[in-house]
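S.K.: My structure is stored as target.cif, with mmCIF, C-alpha atoms.
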data_start
#
loop_
_atom_site.label_atom_id
_atom_site.label_comp_id
_atom_site.auth_asym_id
_atom_site.auth_seq_id
_atom_site.Cartn_x
_atom_site.Cartn_y
_atom_site.Cartn_z
CA MET T 15 -18.43 18.20 6.60
CA ILE T 16 -18.62 16.06 3.47
CA ALA T 17 -16.80 18.63 1.36
CA THR T 18 -13.87 18.88 3.77
CA HIS T 19 -13.56 15.36 5.15
CA TYR T 20 -14.45 13.02 2.29
CA THR T 21 -10.78 12.25 1.64
CA TYR T 22 -10.43 10.72 5.10
CA TRP T 23 -13.66 8.79 4.74
CA ILE T 24 -12.70 7.16 1.47
CA ILE T 25 -9.30 6.31 2.92
CA PHE T 26 -10.98 4.71 5.95
CA ALA T 27 -13.25 2.72 3.64
CA LEU T 28 -10.17 1.49 1.74
CA MET T 29 -8.50 0.47 5.02
CA MET T 30 -11.54 -1.49 6.08
CA ILE T 31 -11.91 -3.19 2.69
CA GLY T 32 -8.33 -4.38 3.22
CA LEU T 33 -9.13 -5.52 6.76
CA TYR T 34 -12.25 -7.30 5.49
CA ALA T 35 -10.15 -9.21 2.96
CA VAL T 36 -7.76 -10.27 5.73
CA MET T 37 -10.57 -11.41 8.00
CA SER T 38 -12.99 -13.07 5.61
CA HIS T 39 -10.72 -14.85 3.14
CA GLY T 40 -9.16 -18.17 4.07
CA ASN T 41 -6.53 -18.06 1.35
CA LEU T 42 -3.19 -16.90 2.77
CA VAL T 43 -1.98 -15.16 -0.40
CA LYS T 44 -5.29 -13.29 -0.64
CA LYS T 45 -4.91 -12.28 3.00
CA LEU T 46 -1.49 -10.81 2.19
CA ILE T 47 -2.91 -8.88 -0.77
CA GLY T 48 -5.65 -7.54 1.54
CA LEU T 49 -3.07 -6.60 4.14
CA ASN T 50 -1.24 -4.68 1.41
CA VAL T 51 -4.39 -2.71 0.57
CA PHE T 52 -4.85 -1.90 4.27
CA GLN T 53 -1.24 -0.81 4.56
CA VAL T 54 -1.33 1.45 1.50
CA ALA T 55 -4.52 3.10 2.82
CA VAL T 56 -2.74 3.89 6.08
CA PHE T 57 0.06 5.47 4.01
CA MET T 58 -2.51 7.66 2.25
CA PHE T 59 -3.94 8.76 5.59
CA PHE T 60 -0.53 9.88 6.83
CA ILE T 61 0.29 11.71 3.62
CA SER T 62 -3.08 13.47 3.57
CA LEU T 63 -2.39 14.82 7.07
CA GLY T 64 0.83 16.44 5.86
CA ARG T 65 -0.78 18.32 3.00
CA VAL T 66 -1.43 22.05 3.16
CA ASP T 67 -3.52 24.22 0.82
CA GLU T 68 -1.56 25.73 -2.06
CA GLY T 69 1.51 23.85 -0.80
CA SER T 70 4.44 22.53 -2.80
CA PRO T 71 6.53 19.38 -2.39
CA PRO T 72 8.94 20.00 0.52
CA ILE T 73 11.97 20.74 -1.63
CA ILE T 74 13.06 24.25 -0.72
CA THR T 75 13.09 26.49 -3.79
CA GLU T 76 13.42 30.24 -4.05
CA GLY T 77 10.13 32.06 -4.40
CA ILE T 78 8.03 29.33 -2.79
CA GLU T 79 6.80 29.91 0.75
CA VAL T 80 4.27 27.16 1.50
CA TYR T 81 5.40 23.53 1.67
CA SER T 82 3.70 20.31 2.73
CA HIS T 83 5.05 18.81 5.92
CA PRO T 84 8.09 16.59 5.21
CA LEU T 85 7.82 14.37 8.30
CA PRO T 86 4.88 12.17 7.16
CA HIS T 87 6.70 11.74 3.84
CA VAL T 88 9.84 10.51 5.62
CA LEU T 89 7.90 8.06 7.80
CA ILE T 90 5.90 6.64 4.90
CA LEU T 91 8.84 6.48 2.51
CA THR T 92 10.65 4.11 4.84
CA ALA T 93 7.43 2.30 5.80
CA ILE T 94 6.78 1.38 2.15
CA VAL T 95 10.14 -0.35 1.81
CA VAL T 96 9.84 -2.03 5.21
CA GLY T 97 6.33 -3.07 4.16
CA VAL T 98 7.48 -4.89 1.02
CA ALA T 99 10.26 -6.61 2.99
CA THR T 100 7.81 -7.91 5.60
CA THR T 101 5.26 -8.86 2.91
CA SER T 102 7.85 -11.07 1.31
CA VAL T 103 8.46 -12.82 4.63
CA GLY T 104 4.70 -13.50 4.60
CA VAL T 105 4.90 -14.77 1.02
CA ALA T 106 7.80 -17.07 1.95
CA LEU T 107 5.82 -18.44 4.90
CA ALA T 108 2.78 -19.05 2.68
CA ILE T 109 4.98 -20.98 0.24
CA ARG T 110 6.38 -23.13 3.06
CA ILE T 111 2.87 -23.82 4.33
CA PHE T 112 1.86 -24.87 0.83
CA GLU T 113 4.82 -27.22 0.62
CA ALA T 114 3.96 -28.77 3.98
CA TYR T 115 0.17 -29.00 3.59
CA GLY T 116 -0.44 -28.89 -0.15
CA THR T 117 -2.79 -25.94 0.30
CA VAL T 118 -2.76 -22.27 1.26
CA GLU T 119 -6.38 -22.35 2.42
CA GLU T 120 -6.44 -21.83 6.16
CA ASP T 121 -9.47 -24.13 6.72
CA ASP T 122 -8.01 -27.03 4.74
CA ALA T 123 -4.68 -26.80 6.57
CA LEU T 124 -6.41 -26.74 9.96
CA ALA T 125 -8.68 -29.63 8.96
CA ARG T 126 -5.61 -31.64 8.03
CA ASP T 127 -4.04 -30.98 11.41
CA VAL T 128 -7.21 -32.09 13.17
CA ALA T 129 -7.44 -35.24 11.03
CA GLU T 130 -3.80 -36.12 11.78
CA GLU T 131 -4.34 -35.67 15.50
CA ALA T 132 -7.41 -37.88 15.39
CA ALA T 133 -5.45 -40.57 13.54
CA GLU T 134 -2.73 -40.69 16.19
CA MET Q 8 -8.28 24.29 -6.45
CA ILE Q 9 -11.29 22.77 -8.18
CA ALA Q 10 -8.94 20.88 -10.51
CA PHE Q 11 -7.16 19.43 -7.49
CA GLU Q 12 -10.38 18.26 -5.87
CA LEU Q 13 -11.66 16.76 -9.10
CA ALA Q 14 -8.42 14.85 -9.68
CA GLU Q 15 -8.35 13.66 -6.08
CA ALA Q 16 -11.97 12.48 -6.16
CA VAL Q 17 -11.40 10.58 -9.42
CA LEU Q 18 -8.27 8.85 -8.07
CA LEU Q 19 -9.97 7.93 -4.79
CA GLY Q 20 -12.94 6.61 -6.77
CA ILE Q 21 -10.67 4.37 -8.88
CA LEU Q 22 -9.00 3.13 -5.69
CA LEU Q 23 -12.34 2.26 -4.11
CA VAL Q 24 -13.48 0.29 -7.15
CA THR Q 25 -10.11 -1.47 -7.40
CA ALA Q 26 -10.15 -2.43 -3.70
CA VAL Q 27 -13.63 -3.93 -3.99
CA ALA Q 28 -12.58 -5.80 -7.15
CA ILE Q 29 -9.54 -7.21 -5.29
CA THR Q 30 -11.66 -8.74 -2.53
CA ARG Q 31 -14.17 -10.13 -5.02
CA ALA Q 32 -11.71 -11.66 -7.50
CA ARG Q 33 -11.61 -15.46 -7.21
CA SER Q 34 -8.55 -15.69 -9.42
CA LEU Q 35 -5.56 -14.69 -7.32
CA PHE Q 36 -3.66 -13.68 -10.45
CA VAL Q 37 -6.33 -11.06 -11.11
CA ALA Q 38 -6.16 -9.93 -7.47
CA ALA Q 39 -2.36 -9.56 -7.63
CA MET Q 40 -2.50 -7.52 -10.86
CA LEU Q 41 -5.25 -5.31 -9.43
CA GLY Q 42 -3.02 -4.85 -6.37
CA GLY Q 43 -0.37 -3.47 -8.73
CA LEU Q 44 -2.92 -1.10 -10.26
CA PHE Q 45 -4.00 -0.03 -6.76
CA SER Q 46 -0.42 0.93 -5.91
CA LEU Q 47 0.13 2.77 -9.17
CA VAL Q 48 -3.00 4.89 -8.68
CA THR Q 49 -1.92 5.51 -5.08
CA ALA Q 50 1.42 6.76 -6.40
CA SER Q 51 -0.44 9.29 -8.58
CA LEU Q 52 -2.44 10.36 -5.54
CA PHE Q 53 0.82 10.91 -3.63
CA VAL Q 54 2.07 13.21 -6.40
CA LEU Q 55 -1.16 15.16 -6.09
CA LEU Q 56 -0.67 15.41 -2.32
CA ASP Q 57 2.86 16.84 -2.85
CA ALA Q 58 4.64 13.71 -1.63
CA VAL Q 59 6.90 13.17 -4.63
CA ASP Q 60 9.55 11.11 -2.84
CA VAL Q 61 6.89 8.77 -1.51
CA ALA Q 62 5.20 8.57 -4.90
CA PHE Q 63 8.04 7.02 -6.78
CA THR Q 64 8.92 4.68 -3.96
CA GLU Q 65 5.33 3.45 -4.04
CA ALA Q 66 5.40 3.14 -7.85
CA ALA Q 67 8.61 1.06 -7.80
CA VAL Q 68 7.63 -1.06 -4.79
CA GLY Q 69 3.87 -1.42 -5.07
CA ALA Q 70 3.40 -1.65 -8.81
CA GLY Q 71 6.76 -3.35 -9.39
CA ILE Q 72 8.33 -5.46 -6.68
CA SER Q 73 5.35 -6.53 -4.57
CA THR Q 74 3.24 -7.47 -7.60
CA VAL Q 75 6.07 -9.68 -8.84
CA LEU Q 76 6.41 -11.21 -5.35
CA PHE Q 77 2.72 -12.14 -5.29
CA ILE Q 78 2.84 -13.63 -8.76
CA THR Q 79 5.92 -15.66 -7.80
CA ALA Q 80 3.98 -16.88 -4.76
CA LEU Q 81 1.14 -17.96 -7.06
CA ALA Q 82 3.55 -19.86 -9.29
CA LEU Q 83 4.73 -21.77 -6.21
CA THR Q 84 1.26 -22.36 -4.71
CA ASN Q 85 -2.26 -22.21 -6.13
CA SER Q 86 -3.65 -19.47 -8.29
CA ARG Q 87 -7.32 -20.08 -7.50
CA GLU Q 88 -8.96 -19.30 -4.25
CA ALA Q 89 -11.65 -21.45 -2.60
CA THR Q 90 -15.06 -19.84 -2.19
CA THR Q 91 -15.33 -17.85 1.03
CA PRO Q 92 -17.84 -19.54 3.34
CA ARG Q 93 -20.78 -17.45 4.44
CA ARG Q 94 -19.98 -17.87 8.14
CA ARG Q 95 -16.82 -15.85 7.60
CA VAL Q 96 -18.29 -13.17 5.33
CA VAL Q 97 -20.98 -11.91 7.70
CA PRO Q 98 -18.94 -11.33 10.90
CA ALA Q 99 -15.98 -9.90 8.96
CA GLY Q 100 -18.28 -7.58 7.01
CA LEU Q 101 -19.95 -6.48 10.22
CA VAL Q 102 -16.63 -5.69 11.89
CA ALA Q 103 -15.46 -3.75 8.83
CA VAL Q 104 -18.68 -1.70 8.62
CA LEU Q 105 -18.67 -0.92 12.34
CA ALA Q 106 -14.98 0.02 12.32
CA THR Q 107 -15.53 2.31 9.30
CA ALA Q 108 -18.39 4.01 11.12
CA GLY Q 109 -16.23 4.44 14.23
CA LEU Q 110 -13.35 5.90 12.23
CA ILE Q 111 -15.65 8.31 10.38
CA TYR Q 112 -17.12 9.45 13.70
CA ALA Q 113 -13.61 10.00 15.06
CA SER Q 114 -12.55 11.87 11.91
CA LEU Q 115 -15.06 14.64 12.70
CA ASP Q 116 -12.45 15.89 15.17
CA LEU Q 117 -9.70 15.95 12.55
CA PRO Q 118 -8.80 19.23 10.87
CA ARG Q 119 -9.88 19.39 7.23
CA VAL Q 120 -7.37 18.18 4.63
CA GLY Q 121 -4.93 21.00 3.80
CA ASP Q 122 -5.84 23.20 6.78
CA PRO Q 123 -2.87 25.56 7.35
CA GLU Q 124 -3.92 25.88 11.02
CA SER Q 125 -3.86 22.13 11.73
CA PRO Q 126 -1.64 20.86 14.58
CA VAL Q 127 0.65 19.22 12.02
CA GLN Q 128 1.39 22.55 10.33
CA THR Q 129 1.57 24.74 13.45
CA HIS Q 130 3.81 22.46 15.52
CA PRO Q 131 7.25 24.08 16.10
CA ILE Q 132 9.02 21.12 14.48
CA THR Q 133 7.59 22.23 11.10
CA GLU Q 134 9.67 25.39 11.36
CA THR Q 135 12.77 23.35 12.26
CA TYR Q 136 12.42 21.02 9.31
CA LEU Q 137 11.47 23.60 6.71
CA LYS Q 138 13.41 26.75 7.72
CA GLU Q 139 16.19 25.98 10.17
CA SER Q 140 17.26 22.91 8.20
CA GLN Q 141 18.39 25.27 5.43
CA ASP Q 142 20.91 26.87 7.78
CA ASP Q 143 21.90 23.60 9.51
CA LEU Q 144 22.19 21.31 6.52
CA HIS Q 145 21.95 23.36 3.30
CA ILE Q 146 20.00 20.53 1.71
CA PRO Q 147 17.01 21.70 -0.36
CA ASN Q 148 15.15 18.38 -0.22
CA THR Q 149 13.92 18.46 3.37
CA VAL Q 150 12.65 14.87 3.12
CA THR Q 151 16.24 13.69 2.63
CA GLY Q 152 17.46 16.01 5.38
CA VAL Q 153 14.94 14.74 7.91
CA LEU Q 154 15.37 11.11 6.88
CA ALA Q 155 19.13 11.00 6.95
CA SER Q 156 20.10 13.62 9.51
CA TYR Q 157 17.41 14.66 11.99
CA ARG Q 158 15.94 11.17 12.17
CA GLY Q 159 19.00 9.19 11.13
CA TYR Q 160 18.64 6.96 14.15
CA ASP Q 161 15.17 5.87 13.06
CA THR Q 162 16.34 5.26 9.54
CA LEU Q 163 19.12 2.99 10.78
CA GLY Q 164 16.44 0.99 12.61
CA GLU Q 165 14.36 0.71 9.42
CA VAL Q 166 17.35 -0.50 7.43
CA VAL Q 167 18.03 -3.15 10.07
CA VAL Q 168 14.38 -4.28 9.84
CA ILE Q 169 14.66 -4.61 6.05
CA PHE Q 170 17.91 -6.52 6.41
CA THR Q 171 16.38 -8.84 9.00
CA ALA Q 172 13.36 -9.49 6.78
CA GLY Q 173 15.76 -10.36 3.95
CA VAL Q 174 17.60 -12.83 6.19
CA GLY Q 175 14.23 -14.32 7.19
CA VAL Q 176 13.17 -14.89 3.58
CA LEU Q 177 16.52 -16.45 2.68
CA LEU Q 178 16.35 -18.80 5.67
CA LEU Q 179 12.80 -19.85 4.77
CA MET Q 180 13.40 -20.30 1.06
CA LEU Q 181 16.94 -21.60 0.65
CA GLY Q 182 16.39 -24.97 2.33
CA PRO Q 183 16.44 -28.30 0.46
CA ARG Q 184 14.26 -28.02 -2.59
CA ARG Q 185 13.10 -30.23 -5.38
CA PRO Q 186 15.05 -29.87 -8.60
CA ALA Q 187 13.62 -27.14 -10.82
CA ASP Q 188 11.72 -28.22 -13.90
CA GLU Q 189 14.52 -27.76 -16.46
CA ALA Q 190 12.40 -28.54 -19.51
CA ARG Q 191 9.82 -25.97 -18.50
CA ASP Q 192 12.46 -23.28 -17.86
CA GLN Q 193 14.03 -23.96 -21.26
CA ALA Q 194 10.65 -23.78 -22.94
CA TYR Q 195 10.04 -20.38 -21.34
CA LEU Q 196 13.44 -19.03 -22.34
CA GLN Q 197 13.01 -20.18 -25.95
CA ALA Q 198 9.48 -18.88 -26.26
CA GLU Q 199 8.86 -15.95 -28.55
CA TYR Q 200 8.68 -12.97 -26.25
CA ARG Q 201 10.93 -11.01 -28.54
CA VAL Q 202 9.30 -7.60 -28.14
CA LEU Q 203 9.29 -7.85 -24.33
CA ARG Q 204 12.90 -9.00 -24.26
CA VAL Q 205 14.18 -6.31 -26.62
CA VAL Q 206 12.28 -3.60 -24.75
CA SER Q 207 13.41 -4.70 -21.30
CA LYS Q 208 17.01 -5.12 -22.41
CA THR Q 209 16.97 -1.63 -23.92
CA LEU Q 210 15.45 -0.20 -20.74
CA MET Q 211 17.94 -1.86 -18.41
CA PRO Q 212 20.82 0.68 -18.67
CA PHE Q 213 18.38 3.57 -18.26
CA ILE Q 214 16.81 2.02 -15.17
CA LEU Q 215 20.21 1.53 -13.55
CA LEU Q 216 21.39 5.00 -14.54
CA PHE Q 217 18.19 6.49 -13.13
CA ALA Q 218 18.70 4.57 -9.89
CA LEU Q 219 22.19 6.04 -9.58
CA TYR Q 220 20.91 9.53 -10.35
CA VAL Q 221 18.18 9.16 -7.70
CA LEU Q 222 20.78 7.96 -5.19
CA LEU Q 223 23.31 10.72 -5.76
CA HIS Q 224 20.88 13.55 -6.42
CA GLY Q 225 18.60 12.90 -3.45
CA GLU Q 226 19.76 16.01 -1.63
CA PHE Q 227 18.59 18.40 -4.32
CA GLY Q 228 15.61 16.71 -5.94
CA PRO Q 229 13.28 13.89 -5.02
CA GLY Q 230 15.29 10.80 -4.25
CA GLY Q 231 17.56 9.01 -1.84
CA GLY Q 232 18.74 5.60 -0.77
CA PHE Q 233 15.39 3.87 -0.35
CA GLN Q 234 14.07 5.04 -3.70
CA ALA Q 235 17.31 4.21 -5.51
CA GLY Q 236 17.47 0.79 -3.87
CA VAL Q 237 13.99 -0.23 -4.98
CA ILE Q 238 14.46 1.11 -8.52
CA PHE Q 239 17.74 -0.79 -8.83
CA GLY Q 240 16.06 -3.91 -7.44
CA ALA Q 241 13.08 -3.54 -9.78
CA GLY Q 242 15.48 -3.30 -12.75
CA PHE Q 243 17.17 -6.60 -11.91
CA ILE Q 244 13.83 -8.27 -11.19
CA LEU Q 245 12.58 -7.20 -14.63
CA TYR Q 246 15.71 -8.64 -16.22
CA THR Q 247 15.29 -11.93 -14.34
CA LEU Q 248 11.67 -12.20 -15.48
CA MET Q 249 12.71 -11.82 -19.10
CA PHE Q 250 16.01 -13.70 -19.30
CA GLY Q 251 15.94 -16.19 -16.44
CA LEU Q 252 17.91 -16.58 -13.26
CA GLY Q 253 20.95 -18.08 -15.00
CA ALA Q 254 21.60 -15.01 -17.17
CA VAL Q 255 21.18 -12.46 -14.41
CA GLN Q 256 23.28 -14.40 -11.92
CA ARG Q 257 26.26 -14.16 -14.25
CA VAL Q 258 26.20 -10.40 -13.57
CA LEU Q 259 24.90 -10.33 -10.02
CA PRO Q 260 25.27 -13.69 -8.28
CA MET Q 261 23.57 -14.46 -4.97
CA ARG Q 262 27.01 -14.55 -3.30
CA THR Q 263 27.57 -10.85 -4.09
CA LEU Q 264 24.14 -9.89 -2.75
CA VAL Q 265 24.71 -11.75 0.49
CA ILE Q 266 27.86 -9.67 0.95
CA LEU Q 267 26.40 -6.31 -0.20
CA GLY Q 268 23.37 -6.44 2.11
CA PRO Q 269 25.32 -6.39 5.39
CA ILE Q 270 27.88 -3.94 3.96
CA GLY Q 271 25.12 -1.33 3.60
CA VAL Q 272 24.00 -1.71 7.22
CA LEU Q 273 27.60 -1.67 8.45
CA LEU Q 274 28.40 1.44 6.40
CA PHE Q 275 25.44 3.24 7.97
CA ALA Q 276 26.30 2.16 11.52
CA GLY Q 277 30.01 2.76 10.80
CA VAL Q 278 29.35 6.42 9.92
CA GLY Q 279 27.52 6.71 13.24
CA LEU Q 280 30.38 5.15 15.17
CA SER Q 281 33.04 7.22 13.42
CA THR Q 282 31.25 10.48 14.28
CA MET Q 283 31.28 9.23 17.89
CA ALA Q 284 35.00 8.48 17.62
CA LEU Q 285 35.53 12.04 16.33
CA GLY Q 286 33.96 13.39 19.50
CA GLY Q 287 30.34 14.02 18.45
CA GLY Q 288 27.13 12.10 19.00
CA PHE Q 289 25.97 9.03 17.08
CA LEU Q 290 25.33 10.11 13.44
CA ASP Q 291 26.35 13.72 14.24
CA TYR Q 292 27.71 14.48 10.77
CA ASN Q 293 29.00 17.92 11.74
CA GLU Q 294 32.04 16.14 13.16
CA LEU Q 295 33.01 14.79 9.74
CA ASN Q 296 34.23 18.25 8.79
CA PRO Q 297 34.45 20.44 11.91
CA GLY Q 298 35.64 23.45 9.92
CA ASN Q 299 32.57 23.40 7.73
CA PRO Q 300 29.65 21.58 9.40
CA SER Q 301 27.30 21.74 6.43
CA SER Q 302 29.83 20.03 4.15
CA GLY Q 303 30.19 17.39 6.88
CA GLN Q 304 26.40 16.97 6.75
CA VAL Q 305 26.43 16.50 2.98
CA THR Q 306 29.22 13.91 3.21
CA GLY Q 307 27.52 12.04 6.05
CA ILE Q 308 24.12 12.01 4.35
CA LEU Q 309 25.59 10.82 1.06
CA LEU Q 310 27.46 7.98 2.82
CA ILE Q 311 24.44 6.72 4.72
CA GLU Q 312 22.20 7.04 1.63
CA ILE Q 313 24.67 4.80 -0.21
CA GLY Q 314 24.48 2.36 2.71
CA VAL Q 315 20.69 2.39 2.60
CA GLY Q 316 20.68 1.97 -1.19
CA LEU Q 317 23.06 -1.00 -1.05
CA THR Q 318 21.07 -2.84 1.61
CA VAL Q 319 17.67 -2.16 0.08
CA ALA Q 320 18.74 -3.17 -3.44
CA ALA Q 321 20.59 -6.28 -2.24
CA VAL Q 322 17.70 -7.43 -0.03
CA MET Q 323 15.05 -6.87 -2.73
CA VAL Q 324 16.98 -8.80 -5.38
CA ALA Q 325 18.11 -11.54 -2.96
CA MET Q 326 14.54 -12.14 -1.77
CA PHE Q 327 13.36 -12.44 -5.35
CA TYR Q 328 16.20 -14.84 -6.28
CA ALA Q 329 15.38 -16.95 -3.24
CA LEU Q 330 11.72 -17.23 -4.23
CA VAL Q 331 12.53 -18.02 -7.86
CA ARG Q 332 15.19 -20.58 -6.94
CA ARG Q 333 12.58 -22.49 -5.01
CA GLY Q 334 11.70 -23.85 -8.44
CA VAL Q 335 8.32 -24.37 -10.04
CA ARG Q 336 6.53 -27.25 -8.34
CA ARG Q 337 3.15 -28.92 -8.99
#
Step by step, read the file and then write its structure as structure tokens.

M.R.:
Amino acid sequence: MIATHYTYWIIFALMMIGLYAVMSHGNLVKKLIGLNVFQVAVFMFFISLGRVDEGSPPIITEGIEVYSHPLPHVLILTAIVVGVATTSVGVALAIRIFEAYGTVEEDDALARDVAEEAAE
Amino acid sequence: MIAFELAEAVLLGILLVTAVAITRARSLFVAAMLGGLFSLVTASLFVLLDAVDVAFTEAAVGAGISTVLFITALALTNSREATTPRRRVVPAGLVAVLATAGLIYASLDLPRVGDPESPVQTHPITETYLKESQDDLHIPNTVTGVLASYRGYDTLGEVVVIFTAGVGVLLLMLGPRRPADEARDQAYLQAEYRVLRVVSKTLMPFILLFALYVLLHGEFGPGGGFQAGVIFGAGFILYTLMFGLGAVQRVLPMRTLVILGPIGVLLFAGVGLSTMALGGGFLDYNELNPGNPSSGQVTGILLIEIGVGLTVAAVMVAMFYALVRRGVRR
């Protein structure tokens, strides 16, 4: 089991380290970095499913019979670029939050909201 | 085989250590740089797993563009993180450990990595993409064939998502802003980074030439619109980092990018509509040259790859400009 499945297990561990960073850290930029780690681990999982023993990259060449599956590659290729585009929306939001609150720490921003409500 | 497993285990080990270091780093600058390393090692892993197209997209995006985005975010916010309170660490850690255990339990039902008998490899679509595509499309790089032809519809959706994200960033970042700190910008531009500047200036033509090669050669070797777009974008971002926004905007002003982005999407959708007008389905490239369907396929794929490349490159560079133009505050 270990010899054949360890790739998946390490990938799952990487995913969960990313998820842990998103959940435990209050800093919005750190959350985004954690989300990135999670996302890249999901990419690895997809790509590892497409691999086949003794396979070659799916570019058809004479004399080669076994190729890895191209579909996961297509999905992940586009997902990477979509991922960076959505990450930068997150970055832009974090910057706006910083400009409005003077902090990117979730707890501090919430505390400020509560304080303002109490003052009203 | 043993060499493959050894290389894979080493790369996965580096990734594990890097991921732990990212969560532990209090300095966000360190975390962002480690994130770049994480992506670069992942790109090597993708090469090992035969996903060459994915690998260089990940290298350009993960190690290049997203690292720069995070560092720009740090310049505009804070670069140190507050200490994580204990009340958040314990539940989050618990959830992560339990979820890992659940996933590992579920993975026992997965076929082993590289199993030629796995459902992925035995599904009939594998035959379509790898064998029949050679008769339908005559395009050796099946990744490009699937991306642009078989799943062209999907790809159009992805390009629209990227475009929309770009519009979102511009709307968020181009509002009223405080004047940039001129003195500080000048000091940076006059600082002695001569080696970096000479090297990046020398690299610039090669990066752009490579991007064009990747765009136009995507049917035969690894490459295509997405990869070319991010390489092109990374080149301009590198130039901006070294020479400032003023210099790069003389070549590629924001105005041009705002026009090029939509043109890419419209070119893609326009190819789809024109194949419909010619009597075929949406994105049915055979109609572009009814006498010789496979040449129609090549033309159609090249056109939409150019559309993808334009939009991706324009959005990447425009997002970066928008973040930089926000000016350094504090």

S.K.: Applied to this file, what does the PyMOL selection byres ((chain T and resi 91-102) around 8) return in terms of residues, put as number ranges by chain?

M.R.: T: 46, 50, 53, 87-90, 103-106; Q: 60-61, 64-65, 68-69, 72-73, 76, 162, 165-166, 168-169, 172-173, 176, 233, 237, 319, 323, 326

S.K.: At a cut-off of 12 Å around the point (8.8, 15.7, 4.9) (file coordinates), what residues fall inside when counting only C-alpha atoms? I'd like the answer as JSON, numbers by chain.

M.R.: {"T": [60, 61, 63, 64, 65, 70, 71, 72, 73, 74, 81, 82, 83, 84, 85, 86, 87, 88, 89, 90, 91, 92], "Q": [56, 57, 58, 59, 60, 61, 127, 128, 132, 133, 134, 135, 136, 137, 140, 147, 148, 149, 150, 151, 152, 153, 154, 155, 157, 158, 229]}

S.K.: For Asn41 in chain T, find every residue with an atom within 9 Å (counting only C-alpha atoms), except residues of its own chain fewer than 6 positions away, and show them as a ChimeraX atom specification.

M.R.: /T:117-121 /Q:88-89,91

S.K.: Which value, in Å to one decimal, gives the distance between CA of Leu285 in chain Q and CA of Lys138 in chain Q?

M.R.: 27.9 Å

S.K.: Suppose a student applies the PyMOL selection byres ((chain Q and resi 272) around 8) to this structure; what residues should they get, written as a count of residues only?

M.R.: 15

S.K.: With distances taken over all atoms listed in the file, which of T:Tyr22, T:Glu76, T:Ala133, T:Arg110 is nearest to Gly182 in chain Q?

M.R.: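 Using all atoms listed in the file, Gly182 in chain Q sits closest to T:Arg110.
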
S.K.: Could range 162-174 of chain Q be completed with N, CA and C atoms and written as a compact mmCIF listing (two decimals), in the frame of the given file, please?

M.R.:
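File written: part16.txt
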# COMPACT_ATOMS: atom_id res chain seq x y z
N THR Q 162 16.10 5.84 10.85
CA THR Q 162 16.34 5.26 9.54
C THR Q 162 17.26 4.05 9.66
N LEU Q 163 18.24 4.15 10.56
CA LEU Q 163 19.12 2.99 10.78
C LEU Q 163 18.28 1.80 11.24
N GLY Q 164 17.33 2.07 12.15
CA GLY Q 164 16.44 0.99 12.61
C GLY Q 164 15.67 0.36 11.47
N GLU Q 165 15.14 1.22 10.56
CA GLU Q 165 14.36 0.71 9.42
C GLU Q 165 15.22 -0.17 8.52
N VAL Q 166 16.46 0.27 8.30
CA VAL Q 166 17.35 -0.50 7.43
C VAL Q 166 17.63 -1.87 8.06
N VAL Q 167 17.79 -1.87 9.39
CA VAL Q 167 18.03 -3.15 10.07
C VAL Q 167 16.80 -4.07 9.93
N VAL Q 168 15.59 -3.47 10.01
CA VAL Q 168 14.38 -4.28 9.84
C VAL Q 168 14.36 -4.91 8.45
N ILE Q 169 14.67 -4.10 7.42
CA ILE Q 169 14.66 -4.61 6.05
C ILE Q 169 15.69 -5.73 5.92
N PHE Q 170 16.86 -5.51 6.49
CA PHE Q 170 17.91 -6.52 6.41
C PHE Q 170 17.46 -7.82 7.09
N THR Q 171 16.84 -7.67 8.27
CA THR Q 171 16.38 -8.84 9.00
C THR Q 171 15.31 -9.60 8.21
N ALA Q 172 14.39 -8.84 7.59
CA ALA Q 172 13.36 -9.49 6.78
C ALA Q 172 14.01 -10.27 5.64
N GLY Q 173 15.04 -9.68 5.03
CA GLY Q 173 15.76 -10.36 3.95
C GLY Q 173 16.37 -11.66 4.44
N VAL Q 174 17.01 -11.61 5.62
CA VAL Q 174 17.60 -12.83 6.19
C VAL Q 174 16.51 -13.87 6.43
